[in-house]
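Asker: One file is attached below, start-v2.pdb, containing PDB, C-alpha atoms.
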ATOM      1  CA  MET A   1     -10.910  24.234  38.161
ATOM      2  CA  LEU A   2     -10.946  21.519  35.485
ATOM      3  CA  LYS A   3     -14.664  21.920  34.933
ATOM      4  CA  GLU A   4     -14.082  25.643  34.450
ATOM      5  CA  LEU A   5     -11.487  24.876  31.766
ATOM      6  CA  PHE A   6     -13.711  22.581  29.759
ATOM      7  CA  ASN A   7     -17.090  23.994  30.818
ATOM      8  CA  GLU A   8     -18.852  21.092  29.115
ATOM      9  CA  ASN A   9     -21.082  18.232  30.273
ATOM     10  CA  ILE A  10     -18.782  15.225  30.788
ATOM     11  CA  VAL A  11     -21.492  12.853  29.536
ATOM     12  CA  ASP A  12     -21.232  14.503  26.102
ATOM     13  CA  ASN A  13     -17.426  14.352  26.005
ATOM     14  CA  CYS A  14     -15.291  11.891  24.103
ATOM     15  CA  CYS A  15     -11.521  12.160  24.363
ATOM     16  CA  ILE A  16      -8.979  10.751  21.974
ATOM     17  CA  ILE A  17      -5.886   9.219  23.563
ATOM     18  CA  VAL A  18      -3.203   8.298  21.045
ATOM     19  CA  SER A  19       0.505   8.718  20.715
ATOM     20  CA  ASP A  20       3.145   8.313  18.101
ATOM     21  CA  SER A  21       4.775   4.974  18.663
ATOM     22  CA  PRO A  22       8.194   4.795  20.252
ATOM     23  CA  LYS A  23       8.869   1.908  17.843
ATOM     24  CA  THR A  24      10.270   3.048  14.503
ATOM     25  CA  LYS A  25       8.256   0.379  12.691
ATOM     26  CA  TYR A  26       5.016   2.031  13.840
ATOM     27  CA  VAL A  27       5.840   5.753  13.734
ATOM     28  CA  PHE A  28       3.002   7.683  12.115
ATOM     29  CA  ASP A  29       3.679   8.821   8.545
ATOM     30  CA  GLU A  30       0.699  10.561   6.955
ATOM     31  CA  ASN A  31       1.886   9.517   3.475
ATOM     32  CA  LEU A  32       1.796   5.760   4.125
ATOM     33  CA  LEU A  33      -1.316   3.867   3.078
ATOM     34  CA  VAL A  34      -1.510   2.022   6.410
ATOM     35  CA  CYS A  35      -1.580   5.362   8.267
ATOM     36  CA  ILE A  36      -4.170   6.776   5.880
ATOM     37  CA  ASN A  37      -6.306   3.685   6.595
ATOM     38  CA  ILE A  38      -5.852   4.181  10.361
ATOM     39  CA  LEU A  39      -7.102   7.759  10.012
ATOM     40  CA  GLY A  40     -10.101   6.477   8.041
ATOM     41  CA  ASN A  41     -10.898   4.022  10.824
ATOM     42  CA  ILE A  42     -10.543   6.771  13.426
ATOM     43  CA  LYS A  43     -12.910   8.961  11.427
ATOM     44  CA  ASP A  44     -15.447   6.096  11.326
ATOM     45  CA  ASP A  45     -15.160   5.659  15.106
ATOM     46  CA  LEU A  46     -15.575   9.410  15.628
ATOM     47  CA  GLU A  47     -18.709   9.321  13.482
ATOM     48  CA  ASP A  48     -20.003   6.362  15.528
ATOM     49  CA  ALA A  49     -19.443   8.439  18.683
ATOM     50  CA  ILE A  50     -21.387  11.334  17.134
ATOM     51  CA  ASN A  51     -24.238   8.925  16.350
ATOM     52  CA  ASP A  52     -24.085   7.841  20.007
ATOM     53  CA  ASP A  53     -24.739  11.490  20.991
ATOM     54  CA  TYR A  54     -21.202  12.558  21.877
ATOM     55  CA  VAL A  55     -20.822  16.234  21.055
ATOM     56  CA  ASN A  56     -17.478  17.418  22.430
ATOM     57  CA  PHE A  57     -14.236  15.852  21.220
ATOM     58  CA  LEU A  58     -11.213  16.503  23.415
ATOM     59  CA  ILE A  59      -7.674  15.873  22.199
ATOM     60  CA  CYS A  60      -4.101  16.894  22.958
ATOM     61  CA  VAL A  61      -2.420  18.143  19.810
ATOM     62  CA  ASP A  62       1.224  17.367  20.569
ATOM     63  CA  THR A  63       2.113  15.142  17.603
ATOM     64  CA  LEU A  64       1.555  14.962  13.863
ATOM     65  CA  PHE A  65      -0.757  11.997  14.465
ATOM     66  CA  GLU A  66      -2.918  14.003  16.871
ATOM     67  CA  LEU A  67      -2.916  16.926  14.431
ATOM     68  CA  ASN A  68      -4.325  14.622  11.743
ATOM     69  CA  ILE A  69      -7.050  13.400  14.095
ATOM     70  CA  ALA A  70      -7.999  16.978  15.026
ATOM     71  CA  GLU A  71      -8.272  17.740  11.305
ATOM     72  CA  ARG A  72     -10.628  14.739  10.894
ATOM     73  CA  ILE A  73     -12.832  16.123  13.673
ATOM     74  CA  LEU A  74     -12.940  19.491  11.920
ATOM     75  CA  GLU A  75     -13.907  17.717   8.677
ATOM     76  CA  LEU A  76     -16.754  16.008  10.538
ATOM     77  CA  LYS A  77     -17.953  19.410  11.803
ATOM     78  CA  GLN A  78     -18.938  20.202   8.225
ATOM     79  CA  LYS A  79     -21.373  17.277   8.268
ATOM     80  CA  TYR A  80     -22.263  17.597  11.976
ATOM     81  CA  PRO A  81     -22.083  21.323  12.817
ATOM     82  CA  HIS A  82     -23.232  20.734  16.400
ATOM     83  CA  ILE A  83     -20.026  18.930  17.426
ATOM     84  CA  LYS A  84     -17.090  20.732  19.048
ATOM     85  CA  LEU A  85     -13.342  20.272  18.889
ATOM     86  CA  ILE A  86     -11.635  21.103  22.171
ATOM     87  CA  CYS A  87      -7.837  21.054  21.978
ATOM     88  CA  LEU A  88      -5.425  20.807  24.845
ATOM     89  CA  LEU A  89      -2.248  22.439  23.578
ATOM     90  CA  GLY A  90       1.325  22.688  24.737
ATOM     91  CA  ASN A  91       4.164  23.561  22.440
ATOM     92  CA  CYS A  92       3.774  23.108  18.687
ATOM     93  CA  PRO A  93       4.611  19.479  17.803
ATOM     94  CA  ARG A  94       8.248  18.901  16.951
ATOM     95  CA  ASN A  95       9.626  18.019  13.537
ATOM     96  CA  LEU A  96       6.750  19.481  11.544
ATOM     97  CA  THR A  97       7.279  20.799   8.046
ATOM     98  CA  LYS A  98       6.276  24.380   7.235
ATOM     99  CA  SER A  99       3.006  23.212   5.669
ATOM    100  CA  GLN A 100       2.248  21.042   8.720
ATOM    101  CA  ILE A 101       2.897  24.030  11.024
ATOM    102  CA  LEU A 102       0.363  26.015   8.978
ATOM    103  CA  ARG A 103      -2.133  23.162   9.396
ATOM    104  CA  TYR A 104      -1.460  23.180  13.163
ATOM    105  CA  GLN A 105      -2.157  26.934  13.255
ATOM    106  CA  LYS A 106      -5.399  26.360  11.316
ATOM    107  CA  VAL A 107      -6.537  23.701  13.810
ATOM    108  CA  LYS A 108      -5.826  26.137  16.652
ATOM    109  CA  LYS A 109      -7.864  28.803  14.871
ATOM    110  CA  ASP A 110     -10.767  26.537  13.856
ATOM    111  CA  ALA A 111     -11.117  24.595  17.113
ATOM    112  CA  ASP A 112     -14.101  25.556  19.250
ATOM    113  CA  LYS A 113     -11.852  25.878  22.268
ATOM    114  CA  CYS A 114      -8.101  25.709  22.830
ATOM    115  CA  ILE A 115      -6.716  25.303  26.305
ATOM    116  CA  PHE A 116      -3.017  25.978  26.659
ATOM    117  CA  PHE A 117      -1.349  23.634  29.101
ATOM    118  CA  GLU A 118       1.995  24.982  30.275
ATOM    119  CA  ARG A 119       3.309  21.702  31.621
ATOM    120  CA  ASP A 120       4.849  20.255  28.498
ATOM    121  CA  ASP A 121       7.853  18.372  29.807
ATOM    122  CA  GLY A 122       7.806  15.105  27.927
ATOM    123  CA  ALA A 123       6.249  11.933  29.268
ATOM    124  CA  GLU A 124       5.142  13.363  32.596
ATOM    125  CA  GLY A 125       3.398  16.290  30.907
ATOM    126  CA  LYS A 126       1.677  13.965  28.418
ATOM    127  CA  GLU A 127       0.456  11.723  31.229
ATOM    128  CA  ILE A 128      -0.996  14.710  33.088
ATOM    129  CA  LYS A 129      -2.733  15.925  29.902
ATOM    130  CA  TYR A 130      -4.251  12.492  29.226
ATOM    131  CA  LYS A 131      -5.520  12.308  32.815
ATOM    132  CA  LEU A 132      -7.097  15.741  32.379
ATOM    133  CA  LEU A 133      -8.873  14.575  29.202
ATOM    134  CA  ILE A 134     -10.056  11.351  30.834
ATOM    135  CA  ASP A 135     -11.326  13.156  33.934
ATOM    136  CA  ASN A 136     -13.494  15.314  31.682
ATOM    137  CA  SER A 137     -14.898  12.568  29.418
ATOM    138  CA  SER A 138     -17.190   9.593  29.490
ATOM    139  CA  LYS A 139     -15.701   7.866  26.429
ATOM    140  CA  VAL A 140     -12.167   7.289  25.146
ATOM    141  CA  ILE A 141     -11.197   6.505  21.567
ATOM    142  CA  THR A 142      -7.755   4.944  21.368
ATOM    143  CA  PHE A 143      -5.537   2.159  20.181
ATOM    144  CA  GLU A 144      -2.379   0.794  21.668
ATOM    145  CA  TRP A 145       1.019   1.129  20.033
ATOM    146  CA  GLY A 146       2.771  -0.244  23.089
ATOM    147  CA  ASP A 147       3.286   3.246  24.518
ATOM    148  CA  TYR A 148       3.489   3.037  28.322
ATOM    149  CA  ILE A 149       1.878   6.448  28.868
ATOM    150  CA  VAL A 150      -1.132   5.486  26.747
ATOM    151  CA  TYR A 151      -1.338   2.123  28.550
ATOM    152  CA  LYS A 152      -1.211   3.781  31.973
ATOM    153  CA  SER A 153      -3.833   6.328  30.904
ATOM    154  CA  LEU A 154      -6.142   3.591  29.635
ATOM    155  CA  MET A 155      -5.795   1.720  32.920
ATOM    156  CA  TYR A 156      -6.861   4.933  34.653
ATOM    157  CA  ALA A 157      -9.850   5.292  32.282
ATOM    158  CA  LYS A 158     -10.770   1.665  32.884
ATOM    159  CA  ARG A 159     -10.724   2.189  36.670
ATOM    160  CA  LYS A 160     -13.037   5.176  36.153
ATOM    161  CA  ARG A 161     -15.326   2.877  34.123
ATOM    162  CA  LEU A 162     -15.215   4.980  30.966
ATOM    163  CA  HIS A 163     -16.337   3.449  27.709
ATOM    164  CA  ILE A 164     -13.157   2.646  25.734
ATOM    165  CA  LYS A 165     -13.290   2.177  21.970
ATOM    166  CA  TYR A 166     -10.235   0.700  20.274
ATOM    167  CA  VAL A 167      -9.680   1.838  16.698
ATOM    168  CA  LYS A 168      -9.270  -1.059  14.319
ATOM    169  CA  LEU A 169      -5.863  -1.551  12.744
ATOM    170  CA  ASN A 170      -5.599  -3.968   9.842
ATOM    171  CA  ASN A 171      -8.918  -5.594  10.797
ATOM    172  CA  ASP A 172      -7.659  -6.363  14.293
ATOM    173  CA  ASN A 173      -8.192  -4.467  17.480
ATOM    174  CA  ILE A 174      -4.781  -3.743  18.898
ATOM    175  CA  CYS A 175      -4.783  -3.643  22.648
ATOM    176  CA  ILE A 176      -2.733  -5.070  25.443
ATOM    177  CA  PHE A 177      -5.450  -6.339  27.768
TER     178      PHE A 177
END
Would you put the structure from the file into structure tokens?

Answerer:
Amino acid sequence: MLKELFNENIVDNCCIIVSDSPKTKYVFDENLLVCINILGNIKDDLEDAINDDYVNFLICVDTLFELNIAERILELKQKYPHIKLICLLGNCPRNLTKSQILRYQKVKKDADKCIFFERDDGAEGKEIKYKLLIDNSSKVITFEWGDYIVYKSLMYAKRKRLHIKYVKLNNDNICIF
């Protein structure tokens, strides 16, 4: 059934596993320079994946941070029209402004494929979504905020021997291994 949902060659798939931090100090704010720099680094890593022949980019769009990453993928489609954005969606992210909700709607419209995932009950739903992305990918782009769900998902990806790329934060790779 999962293959039917994605209908893509797993070898060509790169998923993005990120989460807003549970720690107030690290909550994503798209107006802060450090967060803008993080998005720039993510965009560079996405472009590296494209140059490594990844075509399909899979991401849950449950948070403002993930929305920003999906927008970066759509920006890259202008330069690399052969790539695809595949979104796994639940409910619209919480606490978005009206303009951010419009951006979310635009991502839904402009994505190559949107898969609605009904199970959207907090941490358990997020963990199931990440597992679904990992099971349908050969590469993961991520970084670690200290979020247990992301950690657990990365351990799963590591056991499956997926290539894991950590996005650089402040010239350091943040990871917990």

Asker: List the spatial neighbours of A:Phe117 as a ChimeraX atom specification - criterion: any atom at most 7 Å away, only C-alpha atoms, same-chain residues fewer than 2 positions off excluded.

Answerer: /A:88-90,115,119

Asker: Would you kindly translate the PyMOL selection byres ((chain A and resi 13) around 6) into the concrete residues it picks from this file, as a PyMOL selection string?

Answerer: chain A and resi 10-12+14+54+56-57+137-138

Asker: Select, from A:Arg94, A:Ile86, A:Lys158, A:Cys15, the residue with the minimum atom-to-atom distance to A:Ile134, counting all atoms listed in the file.

Answerer: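 Selected residue with least distance to A:Ile134: A:Cys15.
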
Asker: Neighbouring residues of A:Arg72 were defined as those with any atom within 9 Å, considering all atoms listed in the file; residues of the same chain fewer than 6 positions away were excluded. Please report them as an mmCIF file with C-alpha atoms, in the coordinates of the input.

Answerer:
data_model
loop_
_atom_site.group_PDB
_atom_site.id
_atom_site.type_symbol
_atom_site.label_atom_id
_atom_site.label_comp_id
_atom_site.auth_asym_id
_atom_site.auth_seq_id
_atom_site.Cartn_x
_atom_site.Cartn_y
_atom_site.Cartn_z
ATOM 1 C CA LEU A 39 -7.102 7.759 10.012
ATOM 2 C CA GLY A 40 -10.101 6.477 8.041
ATOM 3 C CA ILE A 42 -10.543 6.771 13.426
ATOM 4 C CA LYS A 43 -12.910 8.961 11.427
ATOM 5 C CA LEU A 46 -15.575 9.410 15.628
#

Asker: Quick one: of A:Lys109, A:Leu74, A:Cys87, A:Ile17, who's nearest to A:Lys131, counting all atoms listed in the file?

Answerer: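 Of the candidates, the smallest distance to A:Lys131 is held by A:Ile17.
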
Asker: Tell me which of A:Thr142, A:Ser153, A:Asn136, A:Gln105 sits closest to A:Leu58, counting only C-alpha atoms.

Answerer: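 Going through A:Thr142, A:Ser153, A:Asn136, A:Gln105 one by one, the smallest distance to A:Leu58 is for A:Asn136.
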
Asker: Pick the closest to A:Ser99 from A:Ala70, A:Leu64, A:Ile128, A:Ala157: which is it, counting all atoms listed in the file?

Answerer: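 Residue with the minimum atom-to-atom distance to A:Ser99: A:Leu64.
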
Asker: Neighbouring residues of A:Asp110 were defined as those with any atom within 10 Å, considering all atoms listed in the file; residues of the same chain fewer than 2 positions away were excluded. Please report them as a VMD selection string.

Answerer: chain A and resid 71 74 85 to 86 104 to 108 112 to 114

Asker: If I take atom CA of A:Ile36 and atom CA of A:Phe143, how far is one from the other in Å, to one decimal?

Answerer: 15.1 Å
